[in-house]
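File shown: protein11.cif. Contents: mmCIF, C-alpha atoms and all ligand atoms.
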data_coords
loop_
_atom_site.label_atom_id
_atom_site.label_comp_id
_atom_site.auth_asym_id
_atom_site.auth_seq_id
_atom_site.Cartn_x
_atom_site.Cartn_y
_atom_site.Cartn_z
CA MET A 1 0.00 0.00 0.00
CA LYS A 2 1.00 3.59 -0.51
CA SER A 3 2.41 5.53 2.45
CA VAL A 4 4.27 8.76 3.18
CA ALA A 5 7.63 8.10 4.87
CA ILE A 6 10.49 10.30 6.08
CA LYS A 7 13.32 10.24 3.55
CA ASP A 8 15.70 13.00 4.64
CA LYS A 9 15.75 16.38 6.36
CA LYS A 10 12.47 18.10 5.44
CA GLN A 11 11.88 15.42 2.83
CA PHE A 12 9.17 12.81 2.51
CA GLU A 13 8.77 10.11 -0.10
CA ILE A 14 5.75 8.20 -1.26
CA LYS A 15 6.69 4.66 -0.36
CA GLU A 16 5.13 1.25 -0.87
CA ILE A 17 4.90 -0.59 2.44
CA GLU A 18 3.33 -3.91 3.33
CA GLU A 19 -0.32 -3.89 4.28
CA PRO A 20 -0.78 -4.74 7.95
CA VAL A 21 -2.44 -8.12 8.52
CA LYS A 22 -4.82 -9.10 11.27
CA GLU A 23 -3.30 -10.03 14.63
CA GLU A 24 -4.67 -11.00 18.04
CA GLY A 25 -4.55 -8.04 20.43
CA LYS A 26 -4.35 -5.48 17.63
CA VAL A 27 -7.15 -3.68 15.85
CA LEU A 28 -6.76 -3.38 12.09
CA ILE A 29 -8.02 0.00 10.93
CA ASP A 30 -9.12 1.43 7.62
CA VAL A 31 -7.85 5.01 8.05
CA GLN A 32 -10.32 7.80 7.25
CA LYS A 33 -8.63 11.01 8.37
CA THR A 34 -5.17 11.74 9.82
CA GLY A 35 -3.99 14.99 11.36
CA ILE A 36 -0.60 16.61 10.89
CA CYS A 37 0.86 17.48 14.30
CA GLY A 38 3.50 20.07 15.27
CA SER A 39 5.54 17.21 16.76
CA ASP A 40 5.55 15.43 13.39
CA ILE A 41 7.10 18.58 11.96
CA HIS A 42 10.05 18.22 14.40
CA TYR A 43 10.74 14.69 13.06
CA TRP A 44 10.43 15.88 9.47
CA ASP A 45 12.78 18.81 10.24
CA LEU A 46 15.42 16.41 11.55
CA GLY A 47 14.76 13.85 8.81
CA MET A 48 14.80 11.07 11.36
CA PRO A 49 14.14 8.24 11.68
CA VAL A 50 14.32 7.51 7.95
CA GLY A 51 11.38 5.36 6.87
CA LEU A 52 9.06 6.55 9.66
CA VAL A 53 5.41 6.62 8.59
CA MET A 54 3.87 9.23 10.86
CA GLY A 55 0.26 10.02 11.74
CA HIS A 56 -0.67 9.53 15.41
CA GLU A 57 -3.93 11.50 15.23
CA TYR A 58 -6.49 9.62 13.18
CA SER A 59 -9.94 8.19 12.82
CA GLY A 60 -10.83 5.02 10.97
CA LYS A 61 -13.10 2.02 10.56
CA VAL A 62 -12.46 -1.35 12.14
CA LEU A 63 -11.41 -4.00 9.62
CA ASP A 64 -10.56 -6.64 12.22
CA ASN A 65 -11.08 -6.35 15.98
CA GLY A 66 -8.11 -8.53 16.98
CA GLY A 67 -10.23 -10.22 19.62
CA ARG A 68 -11.78 -7.10 21.14
CA VAL A 69 -15.29 -8.44 21.09
CA ASP A 70 -17.00 -5.11 21.79
CA LEU A 71 -15.78 -3.84 18.41
CA GLN A 72 -17.46 -4.85 15.16
CA LYS A 73 -16.18 -4.60 11.61
CA GLY A 74 -17.06 -1.12 10.34
CA ASP A 75 -17.17 0.55 13.77
CA ARG A 76 -15.65 4.01 13.68
CA VAL A 77 -12.73 4.44 16.07
CA THR A 78 -9.75 6.47 17.16
CA ALA A 79 -6.89 5.46 19.45
CA LEU A 80 -4.26 6.65 21.86
CA PRO A 81 -0.97 6.34 19.99
CA ILE A 82 1.05 5.61 23.12
CA SER A 83 2.13 2.11 24.03
CA PRO A 84 2.51 1.67 27.80
CA CYS A 85 3.88 -1.58 29.28
CA GLY A 86 0.95 -2.00 31.66
CA LYS A 87 3.18 -3.44 34.40
CA CYS A 88 5.40 -0.68 35.76
CA GLU A 89 4.62 1.51 38.77
CA ALA A 90 3.37 4.37 36.57
CA CYS A 91 1.15 2.13 34.46
CA LEU A 92 -0.37 0.44 37.52
CA ARG A 93 -1.19 3.90 38.90
CA GLY A 94 -2.92 4.88 35.65
CA ASP A 95 -0.16 7.28 34.64
CA ILE A 96 0.41 5.51 31.33
CA HIS A 97 1.91 8.69 29.88
CA TYR A 98 4.84 8.35 32.34
CA CYS A 99 5.68 4.78 31.33
CA LYS A 100 9.26 4.51 30.09
CA GLU A 101 8.14 2.35 27.20
CA THR A 102 5.20 4.42 26.14
CA TRP A 103 6.90 6.24 23.24
CA ALA A 104 9.30 3.51 22.09
CA HIS A 105 6.56 1.70 20.15
CA ALA A 106 4.06 4.53 19.80
CA SER A 107 1.80 4.35 16.79
CA GLY A 108 2.88 6.76 14.05
CA LEU A 109 5.94 7.72 16.10
CA SER A 110 8.04 4.54 15.85
CA LEU A 111 9.37 2.48 12.96
CA ASP A 112 7.63 -0.72 14.08
CA ASN A 113 4.18 0.90 14.24
CA PRO A 114 3.44 2.91 11.09
CA GLY A 115 0.73 5.54 11.57
CA GLY A 116 -2.08 7.12 9.62
CA LEU A 117 -0.15 8.47 6.64
CA ALA A 118 -1.25 5.27 4.91
CA PRO A 119 -4.68 3.79 4.14
CA MET A 120 -4.44 1.09 6.82
CA LEU A 121 -2.80 0.69 10.20
CA LYS A 122 -2.74 -1.65 13.15
CA VAL A 123 -2.86 -0.52 16.78
CA ARG A 124 -3.02 -2.09 20.25
CA SER A 125 -6.61 -2.98 20.91
CA ASP A 126 -6.55 -1.64 24.49
CA MET A 127 -5.79 1.85 23.17
CA VAL A 128 -8.80 1.98 20.82
CA PHE A 129 -11.94 4.02 21.51
CA LYS A 130 -15.19 3.72 19.59
CA LEU A 131 -16.49 7.00 18.21
CA PRO A 132 -20.12 7.95 18.87
CA ASP A 133 -22.32 7.97 15.75
CA ASN A 134 -22.84 11.72 15.89
CA MET A 135 -19.13 12.39 15.66
CA SER A 136 -17.52 12.90 12.27
CA ASP A 137 -14.27 11.33 11.05
CA GLU A 138 -12.72 14.81 11.12
CA GLU A 139 -13.67 15.23 14.77
CA GLY A 140 -12.35 11.74 15.48
CA ALA A 141 -8.95 12.70 14.12
CA LEU A 142 -8.93 15.76 16.39
CA VAL A 143 -9.46 13.89 19.67
CA GLU A 144 -5.73 13.37 20.23
CA PRO A 145 -4.63 17.05 20.04
CA THR A 146 -7.76 18.01 21.99
CA ALA A 147 -6.65 15.69 24.78
CA VAL A 148 -3.17 17.26 24.77
CA GLY A 149 -4.69 20.70 25.40
CA TYR A 150 -7.12 19.35 27.99
CA HIS A 151 -4.33 17.64 29.95
CA ALA A 152 -2.08 20.73 29.83
CA VAL A 153 -4.83 23.03 31.10
CA ASN A 154 -5.66 20.54 33.87
CA LEU A 155 -2.04 20.90 35.01
CA ALA A 156 -2.30 24.70 35.06
CA HIS A 157 -4.75 24.55 38.01
CA LEU A 158 -6.80 27.39 36.64
CA GLN A 159 -8.85 29.51 39.00
CA VAL A 160 -11.94 31.38 37.86
CA GLY A 161 -10.86 34.88 36.89
CA ASP A 162 -7.27 33.94 36.00
CA GLU A 163 -5.64 35.85 33.18
CA VAL A 164 -3.97 33.32 30.91
CA LEU A 165 -1.31 33.60 28.25
CA VAL A 166 -0.86 30.91 25.62
CA VAL A 167 2.48 31.18 23.85
CA GLY A 168 1.99 29.93 20.27
CA GLY A 169 -1.23 29.72 18.29
CA GLY A 170 -0.82 26.35 16.59
CA ILE A 171 -3.43 23.65 17.21
CA ILE A 172 -2.01 22.83 20.64
CA GLY A 173 -1.99 26.48 21.72
CA LEU A 174 -5.54 26.98 20.46
CA MET A 175 -6.76 23.86 22.27
CA CYS A 176 -5.14 25.20 25.46
CA ALA A 177 -6.81 28.59 24.88
CA LEU A 178 -10.18 26.88 24.37
CA PHE A 179 -9.91 24.90 27.61
CA ALA A 180 -8.54 27.90 29.55
CA LYS A 181 -11.66 29.86 28.58
CA LYS A 182 -13.89 26.93 29.43
CA SER A 183 -12.20 26.61 32.84
CA GLY A 184 -13.16 30.15 33.78
CA ALA A 185 -10.23 32.33 32.71
CA SER A 186 -11.34 35.97 32.61
CA LYS A 187 -8.95 36.73 29.78
CA VAL A 188 -7.06 34.52 27.36
CA VAL A 189 -4.26 36.03 25.30
CA VAL A 190 -2.32 34.22 22.58
CA SER A 191 1.16 35.42 21.67
CA GLU A 192 2.35 34.58 18.16
CA THR A 193 5.24 35.33 15.84
CA ASN A 194 2.96 34.55 12.88
CA GLU A 195 0.46 37.42 12.56
CA LYS A 196 -2.01 35.35 10.57
CA ARG A 197 -2.20 32.71 13.27
CA GLY A 198 -2.45 35.37 15.97
CA GLN A 199 -5.38 36.99 14.23
CA LYS A 200 -6.99 33.63 13.66
CA ALA A 201 -6.86 32.77 17.37
CA VAL A 202 -9.12 35.79 17.98
CA GLN A 203 -11.33 35.21 14.91
CA LEU A 204 -11.99 31.62 16.00
CA GLY A 205 -13.16 32.89 19.37
CA VAL A 206 -10.63 31.07 21.57
CA ALA A 207 -8.51 34.14 22.42
CA ASP A 208 -9.73 37.54 23.64
CA GLU A 209 -6.69 39.16 22.10
CA TRP A 210 -3.43 38.25 20.50
CA ILE A 211 -0.03 39.89 20.88
CA ASN A 212 2.83 39.98 18.44
CA ALA A 213 5.72 38.09 20.00
CA LYS A 214 8.11 39.79 17.58
CA ASP A 215 7.29 43.23 18.99
CA GLU A 216 9.58 43.70 22.00
CA GLU A 217 7.81 46.85 23.22
CA VAL A 218 4.42 45.13 23.28
CA MET A 219 5.89 42.10 25.03
CA LYS A 220 7.44 44.39 27.68
CA ASN A 221 4.03 45.89 28.42
CA TYR A 222 2.81 42.45 29.41
CA ASP A 223 5.72 41.75 31.75
CA SER A 224 4.53 39.70 34.80
CA LYS A 225 0.86 40.15 33.86
CA PHE A 226 -0.46 36.59 33.64
CA ASP A 227 -1.52 34.19 36.37
CA LYS A 228 -0.96 31.13 34.20
CA VAL A 229 1.09 30.65 31.03
CA LEU A 230 0.96 27.68 28.68
CA GLU A 231 4.03 27.47 26.44
CA CYS A 232 3.07 25.70 23.21
CA CYS A 233 6.07 26.25 20.89
CA GLY A 234 9.14 24.53 22.32
CA ASN A 235 11.81 27.09 21.49
CA ALA A 236 14.03 29.36 23.61
CA PRO A 237 12.35 32.73 22.86
CA ALA A 238 8.95 31.20 23.59
CA VAL A 239 10.03 29.65 26.90
CA ASN A 240 11.74 32.91 27.94
CA SER A 241 8.64 34.93 27.09
CA ALA A 242 6.59 32.57 29.25
CA MET A 243 8.96 33.18 32.17
CA ASN A 244 8.89 36.95 31.61
CA LEU A 245 5.15 37.33 31.26
CA VAL A 246 3.99 35.13 34.16
CA LYS A 247 3.18 36.85 37.47
CA PRO A 248 5.24 36.17 40.59
CA GLY A 249 3.91 32.97 42.12
CA GLY A 250 2.39 31.95 38.79
CA ILE A 251 2.44 28.66 36.91
CA VAL A 252 4.14 28.02 33.57
CA VAL A 253 3.11 24.82 31.79
CA LEU A 254 5.66 23.63 29.24
CA VAL A 255 3.84 21.83 26.46
CA GLY A 256 6.12 22.65 23.50
CA VAL A 257 8.68 20.02 22.63
CA SER A 258 12.31 20.73 21.80
CA MET A 259 14.64 17.94 20.71
CA LEU A 260 17.60 20.12 21.75
CA PRO A 261 18.49 21.87 25.05
CA ILE A 262 16.90 25.28 25.59
CA ASN A 263 18.58 28.21 27.39
CA PHE A 264 16.32 30.14 29.71
CA MET A 265 16.72 32.60 32.57
CA SER A 266 16.40 30.33 35.58
CA MET A 267 16.84 33.50 37.68
CA GLN A 268 13.31 34.46 36.61
CA ALA A 269 11.96 31.26 38.09
CA VAL A 270 13.87 31.90 41.31
CA MET A 271 12.94 35.56 41.74
CA LYS A 272 9.28 35.07 40.86
CA GLU A 273 8.96 31.63 42.49
CA ILE A 274 7.44 30.30 39.29
CA THR A 275 6.02 26.80 39.30
CA LEU A 276 7.28 25.11 36.14
CA VAL A 277 5.22 22.12 35.05
CA GLY A 278 5.83 19.83 32.09
CA ALA A 279 2.82 18.40 30.26
CA ILE A 280 2.98 15.28 28.15
CA ALA A 281 0.09 13.69 26.32
CA TYR A 282 -2.92 12.69 28.42
CA LYS A 283 -4.33 10.02 30.63
CA LYS A 284 -6.77 7.52 29.18
CA ASP A 285 -9.73 9.04 31.01
CA GLU A 286 -8.85 12.50 29.70
CA PHE A 287 -8.81 11.10 26.16
CA ALA A 288 -12.26 9.56 26.75
CA LYS A 289 -13.59 12.82 28.22
CA CYS A 290 -12.49 14.68 25.10
CA ILE A 291 -14.45 12.25 22.92
CA ASN A 292 -17.53 12.98 25.04
CA MET A 293 -17.03 16.75 25.00
CA ILE A 294 -16.73 16.76 21.21
CA ALA A 295 -19.69 14.38 20.74
CA ASN A 296 -21.88 16.44 23.11
CA LYS A 297 -20.97 19.59 21.14
CA GLU A 298 -19.61 21.04 24.38
CA ILE A 299 -16.57 22.09 22.38
CA ASP A 300 -16.20 22.79 18.67
CA VAL A 301 -12.92 21.51 17.29
CA LEU A 302 -13.91 21.39 13.62
CA LYS A 303 -13.29 25.11 13.35
CA PHE A 304 -9.56 24.40 13.63
CA VAL A 305 -9.52 22.30 10.43
CA SER A 306 -8.12 24.34 7.56
CA LYS A 307 -8.21 21.75 4.78
CA THR A 308 -8.06 18.06 3.88
CA ILE A 309 -5.35 16.84 1.49
CA THR A 310 -4.06 13.71 -0.24
CA LEU A 311 -0.95 11.69 0.59
CA GLU A 312 0.76 13.28 -2.42
CA GLU A 313 0.16 16.73 -0.93
CA VAL A 314 1.71 15.96 2.47
CA GLN A 315 5.20 17.26 1.59
CA GLU A 316 3.74 20.57 0.46
CA ALA A 317 1.57 20.82 3.59
CA TYR A 318 4.60 20.37 5.86
CA GLU A 319 6.41 23.09 3.94
CA GLU A 320 3.40 25.35 4.39
CA LEU A 321 2.94 24.61 8.10
CA SER A 322 6.63 25.15 8.87
CA SER A 323 6.87 28.39 6.88
CA GLY A 324 5.83 30.53 9.85
CA GLU A 325 3.55 32.46 7.53
CA SER A 326 0.59 30.21 6.90
CA ASN A 327 -2.81 30.82 8.49
CA ALA A 328 -3.59 27.10 8.36
CA ILE A 329 -4.06 25.47 11.76
CA LYS A 330 -4.91 21.78 11.40
CA ILE A 331 -4.40 20.06 8.08
CA LEU A 332 -6.02 16.65 7.76
CA VAL A 333 -4.95 13.95 5.34
CA ASP A 334 -7.36 11.57 3.65
CA PRO A 335 -5.09 8.63 2.74
CA LYS A 336 -7.58 7.29 0.20
CA LYS A 337 -8.23 10.53 -1.62
N1 LIG A 401 3.60 17.90 25.31
C1 LIG A 401 2.83 17.23 24.48
O1 LIG A 401 2.22 16.22 24.82
C2 LIG A 401 2.70 17.70 23.06
C3 LIG A 401 1.76 17.13 22.21
C4 LIG A 401 1.63 17.63 20.91
C5 LIG A 401 2.47 18.64 20.49
N2 LIG A 401 3.41 19.14 21.37
C6 LIG A 401 4.31 20.21 20.99
O2 LIG A 401 3.64 21.43 21.17
C7 LIG A 401 4.16 22.40 20.26
C8 LIG A 401 3.02 23.03 19.49
O3 LIG A 401 2.39 22.06 18.66
P1 LIG A 401 1.52 22.57 17.42
O4 LIG A 401 1.02 21.37 16.72
O5 LIG A 401 0.56 23.58 17.85
O6 LIG A 401 2.71 23.23 16.58
P2 LIG A 401 2.77 24.44 15.55
O7 LIG A 401 4.14 24.40 15.01
O8 LIG A 401 1.63 24.33 14.62
O9 LIG A 401 2.55 25.74 16.45
C9 LIG A 401 3.55 26.44 17.09
C10 LIG A 401 3.26 27.91 16.94
O10 LIG A 401 4.16 28.67 17.74
C11 LIG A 401 4.47 29.88 17.07
N3 LIG A 401 5.70 30.42 17.65
C12 LIG A 401 6.97 30.05 17.43
N4 LIG A 401 7.80 30.77 18.21
C13 LIG A 401 7.04 31.60 18.95
C14 LIG A 401 7.32 32.56 19.95
N5 LIG A 401 8.56 32.83 20.34
N6 LIG A 401 6.28 33.21 20.52
C15 LIG A 401 5.00 32.97 20.12
N7 LIG A 401 4.68 32.07 19.16
C16 LIG A 401 5.70 31.39 18.60
C17 LIG A 401 4.56 29.47 15.61
O11 LIG A 401 4.38 30.57 14.75
C18 LIG A 401 3.45 28.44 15.51
O12 LIG A 401 2.24 29.03 15.06
C19 LIG A 401 5.17 21.66 19.39
O13 LIG A 401 6.47 21.85 19.94
C20 LIG A 401 4.76 20.22 19.55
O14 LIG A 401 5.84 19.34 19.36
C21 LIG A 401 3.52 18.69 22.62
ZN ZN A 402 0.44 15.12 18.16
ZN ZN A 403 4.62 0.99 32.08
#

Show this structure as structure tokens.
Ligand SMILES: NC(=O)c1ccc[n+]([C@@H]2O[C@H](COP(=O)([O-])OP(=O)(O)OC[C@H]3O[C@@H](n4cnc5c(N)ncnc54)[C@H](O)[C@@H]3O)[C@@H](O)[C@H]2O)c1
Ligand SMILES: [Zn+2]
Ligand SMILES: [Zn+2]
Amino acid sequence: MKSVAIKDKKQFEIKEIEEPVKEEGKVLIDVQKTGICGSDIHYWDLGMPVGLVMGHEYSGKVLDNGGRVDLQKGDRVTALPISPCGKCEACLRGDIHYCKETWAHASGLSLDNPGGLAPMLKVRSDMVFKLPDNMSDEEGALVEPTAVGYHAVNLAHLQVGDEVLVVGGGIIGLMCALFAKKSGASKVVVSETNEKRGQKAVQLGVADEWINAKDEEVMKNYDSKFDKVLECCGNAPAVNSAMNLVKPGGIVVLVGVSMLPINFMSMQAVMKEITLVGAIAYKKDEFAKCINMIANKEIDVLKFVSKTITLEEVQEAYEELSSGESNAIKILVDPKK
């Protein structure tokens, strides 16, 4: 079958890979929609690992249930991409996102488990969730990034009336902004280096205002103004702006991922007694709650979808998303289009 695989730095290739075959304990899925994630862009940037077929945010139809009797052929599903061992201290406590093994074999993030940039995939049956009938395939593919934002905001311990800054208006930042508002923030501000994305955060109704992170004067005006800051970029200027703009005694949640070390003013954390919290993925119950919130129309995530493309258009979409100038937020791929 046709897939999109990493070939080199910033380079994909359309590659024939073997179709997955049915296996006990794994659900075989006919992929409907797959999201492109900011983390995928980091892998593509580095060009590693060569041969990786990404796509950890997807929806699909069950082809074979692998022994999970509550799933029928044709059921619409999504899944957690992570692959916890189930036996370690963290797993037994329900903190499957802390498991040391959870990323090594993650679906769409490891060579042995190709993801949704192909028409079919196979995933651990215990990670699969059935989608309610009133939920679209597009919404199904958005559950994963929704759960990332939900988990991050849960870690920010928001109080009603908090003023919140979200650094970065990509999908993760916008999900954080959405949940910050929903949790009672009196004001949600998104800072962006990309004007189009900053404006879009306000247009989509998840931010009250946006500020231009490139404008040093503006950024200075917001010095120590926010109760809670969610950093959703993963680069040094973004992390430093989070430290600068949080109030003394405030919380900074680090959601952005950097594959390389980041320099930041630790003195800021000392002088302002900032609580720095990392946020990775989600717990299983948070993932399930996000499915319910989307299905109940409690939150609208479809507004973040900019377009749906083919496998052949994936290279171009990555170039667009990494340009720093696009107003696209979430690009979905239809692997059968
Ligand atoms: N912790 C987790 O579990 C988790 C899960 C998914 C993604 N991530 C990470 O979160 C980050 C965001 O993901 P995304 O999909 O939204 O990515 P994205 O690349 O679409 O969005 C990042 C945004 O940050 C903006 N930006 C860059 N530098 C900035 C700065 N100094 N100030 C303000 N804005 C700045 C960019 O213009 C861009 O719009 C990525 O690093 C991704 O790897 C983490
Ligand atoms: Zn992701
Ligand atoms: Zn474990």

If you count only C-alpha atoms and all ligand atoms, which residues end up within 6 Å of ligand ZN 403 (chain A), as number ranges by chain?
A: 84-88, 90-91, 99

Serialized selection, C-alpha atoms, as an mmCIF file, keeping the file's coordinate frame:
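To be explicit, this is the file written out as selection-v3.cif:
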data_model
loop_
_atom_site.group_PDB
_atom_site.id
_atom_site.type_symbol
_atom_site.label_atom_id
_atom_site.label_comp_id
_atom_site.auth_asym_id
_atom_site.auth_seq_id
_atom_site.Cartn_x
_atom_site.Cartn_y
_atom_site.Cartn_z
ATOM 1 C CA PRO A 84 2.510 1.670 27.800
ATOM 2 C CA CYS A 85 3.880 -1.580 29.280
ATOM 3 C CA GLY A 86 0.950 -2.000 31.660
ATOM 4 C CA LYS A 87 3.180 -3.440 34.400
ATOM 5 C CA CYS A 88 5.400 -0.680 35.760
ATOM 6 C CA ALA A 90 3.370 4.370 36.570
ATOM 7 C CA CYS A 91 1.150 2.130 34.460
ATOM 8 C CA CYS A 99 5.680 4.780 31.330
#

Pick from A:Pro261, A:Gly51, A:Gly115, A:Gly324 nearest to ligand ZN 402 (chain A), counting only C-alpha atoms and all ligand atoms:
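Between A:Pro261, A:Gly51, A:Gly115, A:Gly324, the residue approaching ligand ZN 402 (chain A) most closely is A:Gly115.
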
At a cut-off of 9 Å, using only C-alpha atoms, what residues contact Glu209 of chain A? Leave out same-chain residues fewer than 6 positions from it and give the result as a PyMOL selection string.
chain A and resi 187-191+198-199+201-202

Hey, can you spit out that residue selection with C-alpha atoms as an mmCIF file, keeping the file's coordinate frame?
data_model
loop_
_atom_site.group_PDB
_atom_site.id
_atom_site.type_symbol
_atom_site.label_atom_id
_atom_site.label_comp_id
_atom_site.auth_asym_id
_atom_site.auth_seq_id
_atom_site.Cartn_x
_atom_site.Cartn_y
_atom_site.Cartn_z
ATOM 1 C CA LYS A 187 -8.950 36.730 29.780
ATOM 2 C CA VAL A 188 -7.060 34.520 27.360
ATOM 3 C CA VAL A 189 -4.260 36.030 25.300
ATOM 4 C CA VAL A 190 -2.320 34.220 22.580
ATOM 5 C CA SER A 191 1.160 35.420 21.670
ATOM 6 C CA GLY A 198 -2.450 35.370 15.970
ATOM 7 C CA GLN A 199 -5.380 36.990 14.230
ATOM 8 C CA ALA A 201 -6.860 32.770 17.370
ATOM 9 C CA VAL A 202 -9.120 35.790 17.980
#

Starting from the point (-6.1, 1.6, 26.3), work out which residues of protein, DNA or RNA have an atom no more than 10 Å away when counting all atoms listed in the file; state them as an mmCIF file with C-alpha atoms, keeping the file's coordinate frame.
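Wrote it out as point.cif, contents follow:
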data_model
loop_
_atom_site.group_PDB
_atom_site.id
_atom_site.type_symbol
_atom_site.label_atom_id
_atom_site.label_comp_id
_atom_site.auth_asym_id
_atom_site.auth_seq_id
_atom_site.Cartn_x
_atom_site.Cartn_y
_atom_site.Cartn_z
ATOM 1 C CA ALA A 79 -6.890 5.460 19.450
ATOM 2 C CA LEU A 80 -4.260 6.650 21.860
ATOM 3 C CA PRO A 81 -0.970 6.340 19.990
ATOM 4 C CA ILE A 82 1.050 5.610 23.120
ATOM 5 C CA SER A 83 2.130 2.110 24.030
ATOM 6 C CA PRO A 84 2.510 1.670 27.800
ATOM 7 C CA GLY A 86 0.950 -2.000 31.660
ATOM 8 C CA ILE A 96 0.410 5.510 31.330
ATOM 9 C CA ARG A 124 -3.020 -2.090 20.250
ATOM 10 C CA SER A 125 -6.610 -2.980 20.910
ATOM 11 C CA ASP A 126 -6.550 -1.640 24.490
ATOM 12 C CA MET A 127 -5.790 1.850 23.170
ATOM 13 C CA VAL A 128 -8.800 1.980 20.820
ATOM 14 C CA PHE A 129 -11.940 4.020 21.510
ATOM 15 C CA LYS A 283 -4.330 10.020 30.630
ATOM 16 C CA LYS A 284 -6.770 7.520 29.180
ATOM 17 C CA ASP A 285 -9.730 9.040 31.010
ATOM 18 C CA PHE A 287 -8.810 11.100 26.160
#

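Residues of protein, DNA or RNA having any atom at most 8 Å from ligand ZN 402 (chain A), counting all atoms listed in the file, are A:Ile36, A:Cys37, A:Gly38, A:Ser39, A:Asp40, A:His56, A:Glu57, A:Glu144, A:Pro145, A:Val148.
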
Grab the residues selected above and save them as an mmCIF file, keeping the file's coordinate frame with C-alpha atoms.
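Listed below is the output, selection_31.cif:
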data_model
loop_
_atom_site.group_PDB
_atom_site.id
_atom_site.type_symbol
_atom_site.label_atom_id
_atom_site.label_comp_id
_atom_site.auth_asym_id
_atom_site.auth_seq_id
_atom_site.Cartn_x
_atom_site.Cartn_y
_atom_site.Cartn_z
ATOM 1 C CA ILE A 36 -0.600 16.610 10.890
ATOM 2 C CA CYS A 37 0.860 17.480 14.300
ATOM 3 C CA GLY A 38 3.500 20.070 15.270
ATOM 4 C CA SER A 39 5.540 17.210 16.760
ATOM 5 C CA ASP A 40 5.550 15.430 13.390
ATOM 6 C CA HIS A 56 -0.670 9.530 15.410
ATOM 7 C CA GLU A 57 -3.930 11.500 15.230
ATOM 8 C CA GLU A 144 -5.730 13.370 20.230
ATOM 9 C CA PRO A 145 -4.630 17.050 20.040
ATOM 10 C CA VAL A 148 -3.170 17.260 24.770
#

Would you kindly identify which residues have an atom no farther than 6 Å from (2.4, 36.9, 17.8), using all atoms listed in the file and the file's own coordinates, and write them out as a PyMOL selection string?
chain A and resi 191-195+198+211-213

Choose the residue, out of A:Glu319, A:Glu19, A:Asp70, A:Asp162, that has the smallest atom-to-atom separation from ligand LIG 401 (chain A); count all atoms listed in the file.
A:Glu319

Counting only C-alpha atoms, which of A:Lys303, A:Lys181, A:Lys130, A:Lys196 gets nearest to Asp208 of chain A?
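Distance minimum relative to Asp208 of chain A lands on A:Lys181.
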
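Atom CA of Glu139 of chain A sits 11.8 Å away from atom CA of Asn296 of chain A.
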
Between atom CA of Val69 of chain A and atom CA of Asn134 of chain A, distance in Å (one decimal)
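Computed distance, atom CA of Val69 of chain A to atom CA of Asn134 of chain A, equals 22.1 Å.
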
If we count all atoms listed in the file, what is near Ser258 of chain A at a cut-off of 12 Å, once residues fewer than 6 positions away on the same chain are taken out, given as a VMD selection string?
chain A and resid 38 to 39 41 to 43 45 to 46 231 to 236 238 to 239

Find, counting only C-alpha atoms, the residue in A:Gly74, A:Leu92, A:Ala152, A:Val246 that gets nearest to Gly278 of chain A.
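Nearest to Gly278 of chain A: A:Ala152.
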